[in-house]
file final-v3.cif (mmCIF, C-alpha atoms)
data_run
loop_
_atom_site.label_atom_id
_atom_site.label_comp_id
_atom_site.auth_asym_id
_atom_site.auth_seq_id
_atom_site.Cartn_x
_atom_site.Cartn_y
_atom_site.Cartn_z
CA MET A 1 22.59 9.35 17.46
CA ASN A 2 21.98 8.69 13.80
CA ARG A 3 19.41 6.44 12.14
CA SER A 4 21.39 3.22 12.33
CA GLU A 5 21.97 3.76 16.07
CA VAL A 6 18.24 4.41 16.55
CA ILE A 7 17.31 1.22 14.67
CA GLN A 8 19.90 -0.72 16.70
CA SER A 9 18.33 0.60 19.91
CA LEU A 10 14.88 -0.66 18.83
CA LEU A 11 15.96 -4.28 18.38
CA PRO A 12 15.55 -5.38 22.04
CA VAL A 13 11.97 -4.00 21.94
CA LEU A 14 11.06 -5.72 18.68
CA THR A 15 10.32 -9.27 19.79
CA ASP A 16 7.20 -10.76 18.20
CA GLU A 17 6.30 -7.81 15.98
CA LEU A 18 5.97 -7.87 12.22
CA VAL A 19 8.27 -5.17 10.85
CA VAL A 20 7.81 -3.34 7.55
CA CYS A 21 10.97 -1.37 6.86
CA ASN A 22 11.54 1.64 4.64
CA ILE A 23 13.45 1.51 1.35
CA GLY A 24 17.19 1.96 1.08
CA LEU A 25 19.57 2.23 3.99
CA PRO A 26 17.01 1.60 6.79
CA SER A 27 16.14 -1.82 5.33
CA GLN A 28 19.81 -2.53 4.63
CA GLU A 29 20.74 -1.62 8.20
CA LEU A 30 17.97 -3.75 9.70
CA HIS A 31 18.91 -6.61 7.38
CA MET A 32 22.55 -6.37 8.49
CA MET A 33 21.68 -6.16 12.21
CA VAL A 34 19.02 -8.86 12.40
CA ASP A 35 17.69 -10.59 9.31
CA GLN A 36 14.56 -12.61 10.06
CA PRO A 37 11.36 -13.72 8.29
CA SER A 38 9.24 -11.23 10.23
CA ASN A 39 11.05 -8.36 8.48
CA PHE A 40 9.56 -7.09 5.22
CA TYR A 41 12.20 -5.07 3.39
CA MET A 42 11.10 -2.42 0.93
CA LEU A 43 13.49 -2.84 -1.98
CA GLY A 44 12.16 -0.40 -4.48
CA THR A 45 9.14 1.76 -3.68
CA MET A 46 9.69 4.98 -1.76
CA GLY A 47 6.96 6.09 0.61
CA LEU A 48 4.78 3.01 0.92
CA ALA A 49 6.12 1.35 4.10
CA SER A 50 3.45 3.03 6.22
CA SER A 51 0.70 2.05 3.76
CA ILE A 52 1.85 -1.58 3.64
CA GLY A 53 2.07 -1.60 7.43
CA LEU A 54 -1.45 -0.21 7.83
CA GLY A 55 -2.95 -2.62 5.30
CA LEU A 56 -1.26 -5.51 7.08
CA ALA A 57 -2.39 -4.35 10.52
CA LEU A 58 -6.01 -3.95 9.41
CA VAL A 59 -6.45 -7.51 8.18
CA GLN A 60 -4.82 -9.56 10.93
CA GLU A 61 -4.18 -9.36 14.67
CA ALA A 62 -0.40 -9.51 15.16
CA ARG A 63 1.36 -6.28 16.03
CA VAL A 64 2.89 -4.40 13.13
CA VAL A 65 5.67 -1.81 13.33
CA ALA A 66 6.45 0.20 10.20
CA ILE A 67 9.90 1.78 10.37
CA ASP A 68 9.69 4.77 8.07
CA GLY A 69 11.66 7.93 7.41
CA ASP A 70 10.78 11.61 7.28
CA GLY A 71 11.59 11.83 3.57
CA SER A 72 9.42 8.83 2.73
CA VAL A 73 6.50 10.10 4.80
CA LEU A 74 6.76 13.42 2.99
CA THR A 75 6.69 11.54 -0.32
CA ASN A 76 3.44 9.80 0.70
CA LEU A 77 1.95 12.44 2.98
CA GLY A 78 -1.55 11.22 2.13
CA THR A 79 -0.82 8.18 4.27
CA LEU A 80 -1.35 10.12 7.51
CA PRO A 81 -5.07 10.93 6.99
CA THR A 82 -5.64 7.33 5.86
CA ILE A 83 -3.95 6.03 9.02
CA ALA A 84 -5.86 8.48 11.22
CA ASN A 85 -9.23 7.48 9.79
CA ASN A 86 -8.64 3.72 9.72
CA VAL A 87 -7.47 2.99 13.24
CA ALA A 88 -5.58 -0.24 13.79
CA ASP A 89 -4.55 -0.54 17.41
CA ASN A 90 -1.98 -3.19 16.51
CA PHE A 91 -0.11 -0.67 14.35
CA THR A 92 2.83 1.55 15.24
CA LEU A 93 4.34 3.91 12.71
CA PHE A 94 7.89 4.71 13.80
CA ILE A 95 9.25 7.62 11.77
CA VAL A 96 13.02 8.04 11.97
CA ASP A 97 13.22 11.79 11.42
CA ASN A 98 16.81 12.69 10.66
CA GLY A 99 15.78 15.71 8.60
CA SER A 100 17.45 14.33 5.54
CA TYR A 101 17.18 11.99 2.58
CA GLY A 102 19.81 9.64 4.01
CA SER A 103 19.95 7.04 1.26
CA THR A 104 20.61 9.62 -1.43
CA GLY A 105 23.36 11.57 0.30
CA ASP A 106 21.74 13.41 3.20
CA GLN A 107 20.04 16.17 1.25
CA PRO A 108 17.87 18.11 3.76
CA THR A 109 14.13 17.45 3.95
CA TYR A 110 11.48 19.99 4.92
CA ALA A 111 10.92 17.95 8.11
CA GLY A 112 14.34 19.13 9.20
CA ARG A 113 13.37 22.74 8.56
CA LYS A 114 9.94 24.30 9.26
CA THR A 115 7.69 21.24 8.95
CA SER A 116 6.75 19.20 12.02
CA LEU A 117 5.61 15.71 11.06
CA ALA A 118 4.23 15.22 14.58
CA LYS A 119 1.99 18.25 14.15
CA VAL A 120 1.02 17.14 10.66
CA ALA A 121 0.04 13.72 12.02
CA GLN A 122 -2.01 15.36 14.77
CA ALA A 123 -3.69 17.68 12.30
CA CYS A 124 -4.54 14.65 10.15
CA GLY A 125 -6.43 13.18 13.08
CA CYS A 126 -3.92 10.69 14.47
CA GLU A 127 -4.87 10.46 18.14
CA ARG A 128 -1.68 9.12 19.68
CA VAL A 129 1.37 10.97 18.37
CA VAL A 130 4.66 10.96 20.25
CA GLU A 131 7.73 12.98 19.36
CA CYS A 132 10.91 11.81 21.03
CA ALA A 133 14.66 12.30 20.98
CA ALA A 134 16.86 9.55 19.60
CA GLY A 135 17.88 8.44 23.08
CA GLN A 136 14.24 7.76 23.99
CA ALA A 137 13.44 5.73 20.85
CA ALA A 138 13.31 2.31 22.50
CA GLU A 139 11.30 3.58 25.45
CA ALA A 140 8.82 5.33 23.14
CA LEU A 141 8.36 2.19 21.06
CA GLN A 142 7.89 0.03 24.16
CA ASP A 143 5.31 2.49 25.49
CA ALA A 144 3.48 2.41 22.16
CA LEU A 145 3.38 -1.40 22.10
CA ASP A 146 2.27 -1.54 25.74
CA SER A 147 -0.51 0.97 25.10
CA ASN A 148 -2.30 -1.33 22.62
CA ARG A 149 -3.28 1.80 20.76
CA MET A 150 -2.25 2.91 17.32
CA THR A 151 0.70 5.24 17.75
CA ILE A 152 2.74 7.49 15.50
CA ILE A 153 6.27 8.06 16.81
CA VAL A 154 8.41 10.81 15.33
CA CYS A 155 11.96 10.17 16.50
CA LYS A 156 14.30 13.10 15.94
CA CYS A 157 17.87 12.05 15.26
CA ASP A 158 21.03 13.15 13.50
CA PRO A 159 21.70 12.56 9.82
CA GLY A 160 24.57 10.33 8.76
CA ASN A 161 25.08 6.88 7.39
CA ILE A 162 27.21 3.81 7.95
CA PRO A 163 28.50 1.49 5.22
CA VAL A 164 26.03 -1.37 4.72
CA PRO A 165 25.72 -4.08 2.10
CA VAL A 166 22.76 -4.09 -0.27
CA ILE A 167 20.08 -6.74 0.22
CA GLU A 168 20.62 -9.54 -2.29
CA LYS A 169 17.67 -11.70 -1.24
CA HIS A 170 15.08 -12.30 -3.93
CA PRO A 171 11.89 -10.27 -3.37
CA VAL A 172 9.73 -13.38 -3.62
CA THR A 173 11.83 -15.01 -0.90
CA ILE A 174 11.31 -11.97 1.33
CA ARG A 175 7.59 -12.06 0.54
CA ASP A 176 7.12 -15.79 1.09
CA ARG A 177 8.92 -16.04 4.39
CA PHE A 178 7.15 -12.90 5.62
CA ILE A 179 3.74 -14.40 4.77
CA GLN A 180 4.75 -17.52 6.72
CA ALA A 181 5.79 -15.32 9.66
CA VAL A 182 2.40 -13.58 9.55
CA ARG A 183 0.65 -16.96 9.63
CA ARG A 184 2.76 -18.13 12.58
CA ALA A 185 2.10 -14.89 14.43
CA ASN A 186 -1.63 -15.45 14.03
CA GLY A 187 -1.41 -19.01 15.31
CA MET B 1 -29.12 -7.68 -10.61
CA PRO B 2 -27.56 -4.22 -11.20
CA VAL B 3 -24.05 -4.55 -12.64
CA SER B 4 -22.44 -2.74 -9.68
CA ARG B 5 -23.96 -5.28 -7.28
CA LYS B 6 -22.90 -8.15 -9.53
CA LEU B 7 -19.28 -6.93 -9.69
CA VAL B 8 -19.09 -6.59 -5.91
CA GLN B 9 -20.73 -10.01 -5.43
CA ASP B 10 -18.10 -11.43 -7.80
CA MET B 11 -15.40 -9.85 -5.62
CA VAL B 12 -16.85 -11.45 -2.50
CA ASP B 13 -17.16 -14.80 -4.28
CA ALA B 14 -13.49 -14.52 -5.32
CA GLY B 15 -12.48 -14.13 -1.67
CA ILE B 16 -11.68 -10.42 -1.87
CA GLY B 17 -11.95 -8.90 1.58
CA PHE B 18 -10.05 -5.63 1.23
CA VAL B 19 -10.66 -2.82 -1.26
CA THR B 20 -8.91 0.52 -1.62
CA SER B 21 -10.21 3.20 -3.89
CA VAL B 22 -9.78 6.65 -5.29
CA PRO B 23 -13.23 7.44 -6.66
CA CYS B 24 -14.63 8.07 -10.13
CA LYS B 25 -18.23 8.97 -10.85
CA GLN B 26 -18.52 5.95 -13.16
CA LEU B 27 -17.64 3.74 -10.19
CA LYS B 28 -19.99 5.44 -7.72
CA GLY B 29 -22.41 2.51 -7.70
CA VAL B 30 -19.62 -0.03 -7.13
CA LEU B 31 -18.27 1.96 -4.21
CA GLU B 32 -21.76 2.19 -2.68
CA GLU B 33 -22.17 -1.58 -2.97
CA ILE B 34 -18.77 -2.11 -1.35
CA ASP B 35 -19.68 0.15 1.54
CA ALA B 36 -22.95 -1.76 1.92
CA SER B 37 -21.12 -5.10 2.06
CA ASP B 38 -20.10 -6.52 5.42
CA ARG B 39 -17.70 -8.92 3.68
CA ILE B 40 -15.32 -6.28 2.33
CA ARG B 41 -13.22 -3.79 4.27
CA HIS B 42 -13.05 -0.55 2.28
CA VAL B 43 -10.13 1.78 2.95
CA PRO B 44 -10.31 4.85 0.70
CA ALA B 45 -6.85 6.06 -0.34
CA ASN B 46 -5.68 9.56 -1.12
CA LYS B 47 -3.59 8.47 -4.07
CA GLU B 48 -3.54 5.33 -6.16
CA ASP B 49 0.02 4.28 -5.36
CA GLU B 50 -0.77 4.63 -1.66
CA GLY B 51 -3.68 2.29 -2.35
CA MET B 52 -1.29 -0.23 -3.88
CA GLY B 53 0.74 -0.14 -0.66
CA LEU B 54 -2.40 -0.79 1.38
CA CYS B 55 -3.36 -3.67 -0.92
CA ALA B 56 0.15 -5.13 -0.67
CA GLY B 57 -0.12 -5.07 3.12
CA ALA B 58 -3.53 -6.75 3.04
CA TYR B 59 -2.18 -9.43 0.73
CA LEU B 60 0.80 -10.09 3.01
CA GLY B 61 -1.70 -10.37 5.85
CA GLY B 62 -3.63 -13.11 4.06
CA THR B 63 -6.55 -11.11 2.63
CA ARG B 64 -7.19 -10.81 -1.10
CA PRO B 65 -7.21 -7.17 -2.21
CA CYS B 66 -8.69 -5.13 -5.05
CA LEU B 67 -7.92 -1.58 -6.16
CA ILE B 68 -10.54 0.72 -7.64
CA MET B 69 -9.32 3.76 -9.54
CA GLN B 70 -9.64 5.94 -12.61
CA ASN B 71 -7.37 5.44 -15.63
CA THR B 72 -6.23 9.06 -15.49
CA ALA B 73 -4.11 8.16 -12.44
CA LEU B 74 -2.34 5.24 -14.08
CA GLY B 75 0.81 7.31 -14.51
CA VAL B 76 1.32 7.83 -10.80
CA THR B 77 1.14 4.08 -10.16
CA VAL B 78 3.87 2.92 -12.55
CA ASN B 79 6.63 2.76 -9.94
CA ALA B 80 4.48 0.99 -7.36
CA LEU B 81 3.31 -1.50 -9.98
CA ALA B 82 6.83 -2.27 -11.19
CA THR B 83 8.79 -2.23 -7.94
CA LEU B 84 6.19 -3.44 -5.45
CA VAL B 85 3.31 -5.40 -7.00
CA GLN B 86 5.28 -6.98 -9.85
CA TYR B 87 8.69 -7.21 -8.17
CA TYR B 88 7.29 -9.16 -5.19
CA HIS B 89 4.84 -11.11 -7.41
CA MET B 90 1.65 -9.97 -5.72
CA PRO B 91 -1.86 -10.40 -7.16
CA LEU B 92 -3.79 -7.17 -7.65
CA PRO B 93 -6.99 -6.84 -9.66
CA MET B 94 -7.48 -3.20 -10.64
CA LEU B 95 -11.06 -2.24 -11.49
CA ILE B 96 -10.53 0.93 -13.50
CA SER B 97 -12.98 3.43 -14.93
CA TYR B 98 -11.87 4.05 -18.51
CA ARG B 99 -12.50 7.75 -18.82
CA GLY B 100 -11.90 9.56 -22.10
CA GLU B 101 -13.55 6.94 -24.33
CA VAL B 102 -16.65 7.39 -26.55
CA GLY B 103 -19.35 9.13 -24.52
CA GLU B 104 -16.87 11.16 -22.49
CA PRO B 105 -18.04 14.75 -21.94
CA VAL B 106 -14.73 16.14 -20.60
CA ALA B 107 -12.11 16.65 -23.31
CA CYS B 108 -9.11 16.55 -21.00
CA GLN B 109 -9.98 13.00 -19.92
CA VAL B 110 -9.09 11.87 -23.44
CA GLU B 111 -5.48 12.89 -22.88
CA MET B 112 -4.83 9.97 -20.52
CA ALA B 113 -7.22 7.63 -22.33
CA VAL B 114 -4.89 7.64 -25.33
CA HIS B 115 -2.03 6.46 -23.09
CA THR B 116 -3.92 4.00 -20.91
CA LYS B 117 -3.55 0.77 -22.88
CA ALA B 118 -0.01 1.71 -23.96
CA ILE B 119 1.13 2.11 -20.34
CA LEU B 120 -0.50 -1.17 -19.33
CA ALA B 121 1.06 -2.91 -22.34
CA GLN B 122 4.47 -1.44 -21.55
CA LEU B 123 4.14 -2.90 -18.04
CA ASN B 124 3.08 -6.32 -19.43
CA ILE B 125 -0.15 -6.14 -17.44
CA GLN B 126 -2.96 -8.31 -18.77
CA THR B 127 -5.77 -5.92 -19.61
CA TYR B 128 -9.50 -6.57 -20.09
CA HIS B 129 -11.79 -3.95 -21.62
CA PHE B 130 -15.48 -4.02 -20.61
CA HIS B 131 -17.36 -2.23 -23.41
CA ARG B 132 -20.72 -4.05 -23.54
CA ALA B 133 -22.84 -4.84 -20.51
CA GLU B 134 -22.42 -8.59 -21.08
CA ASP B 135 -18.62 -8.23 -20.77
CA ALA B 136 -19.12 -8.19 -16.99
CA ARG B 137 -19.64 -11.96 -17.22
CA GLU B 138 -15.88 -12.28 -17.59
CA PHE B 139 -15.18 -10.69 -14.21
CA PRO B 140 -15.19 -13.86 -12.03
CA GLY B 141 -12.77 -15.57 -14.42
CA ILE B 142 -10.48 -12.53 -14.48
CA LEU B 143 -10.38 -12.46 -10.69
CA ARG B 144 -9.56 -16.19 -10.51
CA HIS B 145 -6.85 -15.65 -13.13
CA THR B 146 -5.36 -12.74 -11.18
CA PHE B 147 -4.98 -14.72 -7.96
CA MET B 148 -3.84 -17.84 -9.81
CA SER B 149 -1.07 -15.92 -11.57
CA SER B 150 -0.12 -13.61 -8.65
CA LYS B 151 0.09 -10.64 -10.99
CA PRO B 152 -1.71 -7.33 -11.37
CA THR B 153 -4.51 -7.23 -13.93
CA ALA B 154 -6.44 -4.24 -15.29
CA ILE B 155 -10.17 -4.26 -15.95
CA LEU B 156 -11.05 -1.14 -17.96
CA THR B 157 -14.72 -0.18 -17.83
CA ASP B 158 -15.75 2.49 -20.33
CA ALA B 159 -18.71 4.86 -20.65
CA THR B 160 -20.57 2.59 -23.08
CA PHE B 161 -20.35 -0.25 -20.56
CA TRP B 162 -21.70 1.88 -17.74
CA GLY B 163 -24.34 3.37 -20.08
CA GLU B 164 -25.62 -0.08 -21.04
CA ALA B 165 -25.44 -1.18 -17.43
CA GLN B 166 -28.01 1.41 -16.35
#
call {"tool": "encode", "arguments": {"input": "final-v3.cif", "output": "structure tokens"}}
result
Amino acid sequence: MNRSEVIQSLLPVLTDELVVCNIGLPSQELHMMVDQPSNFYMLGTMGLASSIGLGLALVQEARVVAIDGDGSVLTNLGTLPTIANNVADNFTLFIVDNGSYGSTGDQPTYAGRKTSLAKVAQACGCERVVECAAGQAAEALQDALDSNRMTIIVCKCDPGNIPVPVIEKHPVTIRDRFIQAVRRANG
Amino acid sequence: MPVSRKLVQDMVDAGIGFVTSVPCKQLKGVLEEIDASDRIRHVPANKEDEGMGLCAGAYLGGTRPCLIMQNTALGVTVNALATLVQYYHMPLPMLISYRGEVGEPVACQVEMAVHTKAILAQLNIQTYHFHRAEDAREFPGILRHTFMSSKPTAILTDATFWGEAQ
């Protein structure tokens, strides 16, 4: 299974959650599969999906899932100690770890070689870290949401991309409808 | 009232409830006041652009943010400012220690000081320079302006300001 198949498999689990999605193809794939106000698409800043997700989770009560990638987590590796030390039990960081920079042509990342992001997360102090195979992605996410504890999921999958259209929505439109979705989620 | 306490009180009065920071010794007093406040959640960041991501998330969640940093790190924030904060039209007051100005003991700090205002100008970020202790009176208005305009603003606080504030 590649990243787009993993994201597709998560959709039945993602019901009421606020989703912050990583730059490039992951956001484009999510946008193509199910575009809705509760999705915040990163259009231009690599590495900050997990930081945005944590900041969002810390200030309100609705559940937040950040869909990130191994390359982006490596870009912003300082995010893992910040997450570990600022626990938000309504936050799940789902790292699609395909061992490659998918959006730029599948160049290999260090996460696909010697570096274990799950072990890095544990060493940073994250208390609930789950590494799973692509086929267990949905189950792992459901377990994380059911646990009501902050969870880092590292989902190992194959590299490879599918053709997807770019997101043409205006960033302020994405922002405004997401803020409305946050308000609705908090009643 | 000590200026650090005044600045943090101004933040609270402006509705700021979420602060991220990468520290500077000039801002030590401000950070202590923030940690003493039960009105502001302080999430220290490991890097300034990470802090901008945290602030963006807090803003999306309905809480007004503020970033505290040193001007020497401005370079690492350019992409996050342009493609996150500015692209999505998010408000972000940045309280910045302006190292490398008159009174600076460390020569290397000057190397980024000479680029600080040029980078901010290149990014079209409205910039306010606190040089005299009384300049802090402008802070509440700057915060109101930041959230009114939904843009990032920079408040540069130099060594003379902090010296007079003692």
call {"tool": "resolve_selection", "arguments": {"input": "final-v3.cif", "expression": "the PyMOL selection byres ((chain B and resi 32-38) around 9)", "output": "PDB file with C-alpha atoms, keeping the file's coordinate frame"}}
result
ATOM      1  CA  SER B   4     -22.440  -2.740  -9.680  1.00  0.00           C
ATOM      2  CA  ARG B   5     -23.960  -5.280  -7.280  1.00  0.00           C
ATOM      3  CA  VAL B   8     -19.090  -6.590  -5.910  1.00  0.00           C
ATOM      4  CA  GLN B   9     -20.730 -10.010  -5.430  1.00  0.00           C
ATOM      5  CA  VAL B  12     -16.850 -11.450  -2.500  1.00  0.00           C
ATOM      6  CA  VAL B  19     -10.660  -2.820  -1.260  1.00  0.00           C
ATOM      7  CA  LEU B  27     -17.640   3.740 -10.190  1.00  0.00           C
ATOM      8  CA  LYS B  28     -19.990   5.440  -7.720  1.00  0.00           C
ATOM      9  CA  GLY B  29     -22.410   2.510  -7.700  1.00  0.00           C
ATOM     10  CA  VAL B  30     -19.620  -0.030  -7.130  1.00  0.00           C
ATOM     11  CA  LEU B  31     -18.270   1.960  -4.210  1.00  0.00           C
ATOM     12  CA  ARG B  39     -17.700  -8.920   3.680  1.00  0.00           C
ATOM     13  CA  ILE B  40     -15.320  -6.280   2.330  1.00  0.00           C
ATOM     14  CA  ARG B  41     -13.220  -3.790   4.270  1.00  0.00           C
ATOM     15  CA  HIS B  42     -13.050  -0.550   2.280  1.00  0.00           C
TER      16      HIS B  42
END
call {"tool": "interface_residues", "arguments": {"input": "final-v3.cif", "of": "chain B", "to": "chain A", "cutoff": "7 Å", "atoms": "all atoms listed in the file", "output": "VMD selection string"}}
result
chain B and resid 45 to 46 50 53 to 58 60 to 61 63 79 to 80 83 to 84 87 to 89
call {"tool": "write_last_selection", "arguments": {"input": "final-v3.cif", "atoms": "C-alpha atoms", "output": "mmCIF file, keeping the file's coordinate frame"}}
result
data_model
loop_
_atom_site.group_PDB
_atom_site.id
_atom_site.type_symbol
_atom_site.label_atom_id
_atom_site.label_comp_id
_atom_site.auth_asym_id
_atom_site.auth_seq_id
_atom_site.Cartn_x
_atom_site.Cartn_y
_atom_site.Cartn_z
ATOM 1 C CA ALA B 45 -6.850 6.060 -0.340
ATOM 2 C CA ASN B 46 -5.680 9.560 -1.120
ATOM 3 C CA GLU B 50 -0.770 4.630 -1.660
ATOM 4 C CA GLY B 53 0.740 -0.140 -0.660
ATOM 5 C CA LEU B 54 -2.400 -0.790 1.380
ATOM 6 C CA CYS B 55 -3.360 -3.670 -0.920
ATOM 7 C CA ALA B 56 0.150 -5.130 -0.670
ATOM 8 C CA GLY B 57 -0.120 -5.070 3.120
ATOM 9 C CA ALA B 58 -3.530 -6.750 3.040
ATOM 10 C CA LEU B 60 0.800 -10.090 3.010
ATOM 11 C CA GLY B 61 -1.700 -10.370 5.850
ATOM 12 C CA THR B 63 -6.550 -11.110 2.630
ATOM 13 C CA ASN B 79 6.630 2.760 -9.940
ATOM 14 C CA ALA B 80 4.480 0.990 -7.360
ATOM 15 C CA THR B 83 8.790 -2.230 -7.940
ATOM 16 C CA LEU B 84 6.190 -3.440 -5.450
ATOM 17 C CA TYR B 87 8.690 -7.210 -8.170
ATOM 18 C CA TYR B 88 7.290 -9.160 -5.190
ATOM 19 C CA HIS B 89 4.840 -11.110 -7.410
#
call {"tool": "resolve_selection", "arguments": {"input": "final-v3.cif", "expression": "the PyMOL selection byres ((chain B and resi 119-135) around 10)", "output": "MDAnalysis selection string"}}
result
chainID B and resid 3 74:75 78 81:82 86 94:98 101 112 114:118 136:139 142 146 151:166
call {"tool": "atom_distance", "arguments": {"input": "final-v3.cif", "atom1": "CA of Ala113 in chain B", "atom2": "CA of Leu67 in chain B"}}
result
18.6 Å
call {"tool": "closest_residue", "arguments": {"input": "final-v3.cif", "among": "A:Leu141, A:Ala185, A:Cys126, A:Val120", "to": "Val65 in chain A", "atoms": "all atoms listed in the file"}}
result
A:Leu141
call {"tool": "atom_distance", "arguments": {"input": "final-v3.cif", "atom1": "CA of Asn90 in chain A", "atom2": "CA of Leu11 in chain A"}}
result
18.1 Å
call {"tool": "closest_residue", "arguments": {"input": "final-v3.cif", "among": "A:Ser9, A:Gln122, A:Ser103, A:Asn22", "to": "Ala140 in chain A", "atoms": "only C-alpha atoms"}}
result
A:Ser9
call {"tool": "atom_distance", "arguments": {"input": "final-v3.cif", "atom1": "CA of Met1 in chain A", "atom2": "CA of Gly135 in chain A"}}
result
7.4 Å
call {"tool": "resolve_selection", "arguments": {"input": "final-v3.cif", "expression": "the PyMOL selection byres ((chain A and resi 139) around 12)", "output": "list in words"}}
result
Val6, Ser9, Leu10, Leu11, Pro12, Val13, Leu14, Val130, Glu131, Cys132, Ala133, Ala134, Gly135, Gln136, Ala137, Ala138, Ala140, Leu141, Gln142, Asp143, Ala144, Leu145, Asp146, Ile153 and Cys155 of chain A
call {"tool": "closest_residue", "arguments": {"input": "final-v3.cif", "among": "A:Asp106, A:Ile152, A:Ala84, A:Arg184", "to": "Cys124 in chain A", "atoms": "all atoms listed in the file"}}
result
A:Ala84
call {"tool": "closest_residue", "arguments": {"input": "final-v3.cif", "among": "B:Leu92, B:Leu143, B:Met1, B:Gly103", "to": "Ile68 in chain B", "atoms": "only C-alpha atoms"}}
result
B:Leu92
call {"tool": "residues_around", "arguments": {"input": "final-v3.cif", "residues": "Gly99 in chain A", "least_positions_apart": "5", "cutoff": "8 Å", "atoms": "only C-alpha atoms", "output": "PyMOL selection string"}}
result
chain A and resi 70-71+108-113+156-159
call {"tool": "closest_residue", "arguments": {"input": "final-v3.cif", "among": "A:Lys169, A:Arg128, A:Lys114, A:Arg177", "to": "Val154 in chain A", "atoms": "all atoms listed in the file"}}
result
A:Arg128
call {"tool": "build_atoms", "arguments": {"input": "final-v3.cif", "residues": "range 74-86 of chain B", "atoms": "N, CA, C and O atoms", "output": "PDB file, in the coordinates of the input"}}
result
ATOM      1  N   LEU B  74      -3.224   6.378 -13.824  1.00  0.00           N
ATOM      2  CA  LEU B  74      -2.340   5.240 -14.080  1.00  0.00           C
ATOM      3  C   LEU B  74      -0.859   5.647 -14.016  1.00  0.00           C
ATOM      4  O   LEU B  74      -0.012   4.897 -13.529  1.00  0.00           O
ATOM      5  N   GLY B  75      -0.584   6.857 -14.488  1.00  0.00           N
ATOM      6  CA  GLY B  75       0.810   7.310 -14.510  1.00  0.00           C
ATOM      7  C   GLY B  75       1.459   7.341 -13.150  1.00  0.00           C
ATOM      8  O   GLY B  75       2.641   7.010 -13.016  1.00  0.00           O
ATOM      9  N   VAL B  76       0.707   7.707 -12.131  1.00  0.00           N
ATOM     10  CA  VAL B  76       1.320   7.830 -10.800  1.00  0.00           C
ATOM     11  C   VAL B  76       1.533   6.462 -10.150  1.00  0.00           C
ATOM     12  O   VAL B  76       2.155   6.373  -9.101  1.00  0.00           O
ATOM     13  N   THR B  77       1.010   5.397 -10.777  1.00  0.00           N
ATOM     14  CA  THR B  77       1.140   4.080 -10.160  1.00  0.00           C
ATOM     15  C   THR B  77       2.257   3.237 -10.766  1.00  0.00           C
ATOM     16  O   THR B  77       2.506   2.128 -10.302  1.00  0.00           O
ATOM     17  N   VAL B  78       2.923   3.760 -11.798  1.00  0.00           N
ATOM     18  CA  VAL B  78       3.870   2.920 -12.550  1.00  0.00           C
ATOM     19  C   VAL B  78       4.975   2.371 -11.648  1.00  0.00           C
ATOM     20  O   VAL B  78       5.302   1.184 -11.682  1.00  0.00           O
ATOM     21  N   ASN B  79       5.548   3.220 -10.812  1.00  0.00           N
ATOM     22  CA  ASN B  79       6.630   2.760  -9.940  1.00  0.00           C
ATOM     23  C   ASN B  79       6.149   1.717  -8.952  1.00  0.00           C
ATOM     24  O   ASN B  79       6.803   0.688  -8.750  1.00  0.00           O
ATOM     25  N   ALA B  80       5.001   1.961  -8.343  1.00  0.00           N
ATOM     26  CA  ALA B  80       4.480   0.990  -7.360  1.00  0.00           C
ATOM     27  C   ALA B  80       4.131  -0.325  -8.039  1.00  0.00           C
ATOM     28  O   ALA B  80       4.343  -1.397  -7.465  1.00  0.00           O
ATOM     29  N   LEU B  81       3.603  -0.266  -9.262  1.00  0.00           N
ATOM     30  CA  LEU B  81       3.310  -1.500  -9.980  1.00  0.00           C
ATOM     31  C   LEU B  81       4.583  -2.288 -10.268  1.00  0.00           C
ATOM     32  O   LEU B  81       4.660  -3.497 -10.038  1.00  0.00           O
ATOM     33  N   ALA B  82       5.603  -1.573 -10.771  1.00  0.00           N
ATOM     34  CA  ALA B  82       6.830  -2.270 -11.190  1.00  0.00           C
ATOM     35  C   ALA B  82       7.648  -2.758 -10.005  1.00  0.00           C
ATOM     36  O   ALA B  82       8.124  -3.897  -9.998  1.00  0.00           O
ATOM     37  N   THR B  83       7.824  -1.900  -8.989  1.00  0.00           N
ATOM     38  CA  THR B  83       8.790  -2.230  -7.940  1.00  0.00           C
ATOM     39  C   THR B  83       8.162  -2.825  -6.685  1.00  0.00           C
ATOM     40  O   THR B  83       8.878  -3.307  -5.820  1.00  0.00           O
ATOM     41  N   LEU B  84       6.838  -2.808  -6.606  1.00  0.00           N
ATOM     42  CA  LEU B  84       6.190  -3.440  -5.450  1.00  0.00           C
ATOM     43  C   LEU B  84       5.335  -4.641  -5.931  1.00  0.00           C
ATOM     44  O   LEU B  84       5.668  -5.796  -5.689  1.00  0.00           O
ATOM     45  N   VAL B  85       4.266  -4.344  -6.638  1.00  0.00           N
ATOM     46  CA  VAL B  85       3.310  -5.400  -7.000  1.00  0.00           C
ATOM     47  C   VAL B  85       3.969  -6.453  -7.888  1.00  0.00           C
ATOM     48  O   VAL B  85       3.869  -7.664  -7.629  1.00  0.00           O
ATOM     49  N   GLN B  86       4.674  -6.009  -8.935  1.00  0.00           N
ATOM     50  CA  GLN B  86       5.280  -6.980  -9.850  1.00  0.00           C
ATOM     51  C   GLN B  86       6.575  -7.561  -9.299  1.00  0.00           C
ATOM     52  O   GLN B  86       6.837  -8.750  -9.441  1.00  0.00           O
TER      53      GLN B  86
END
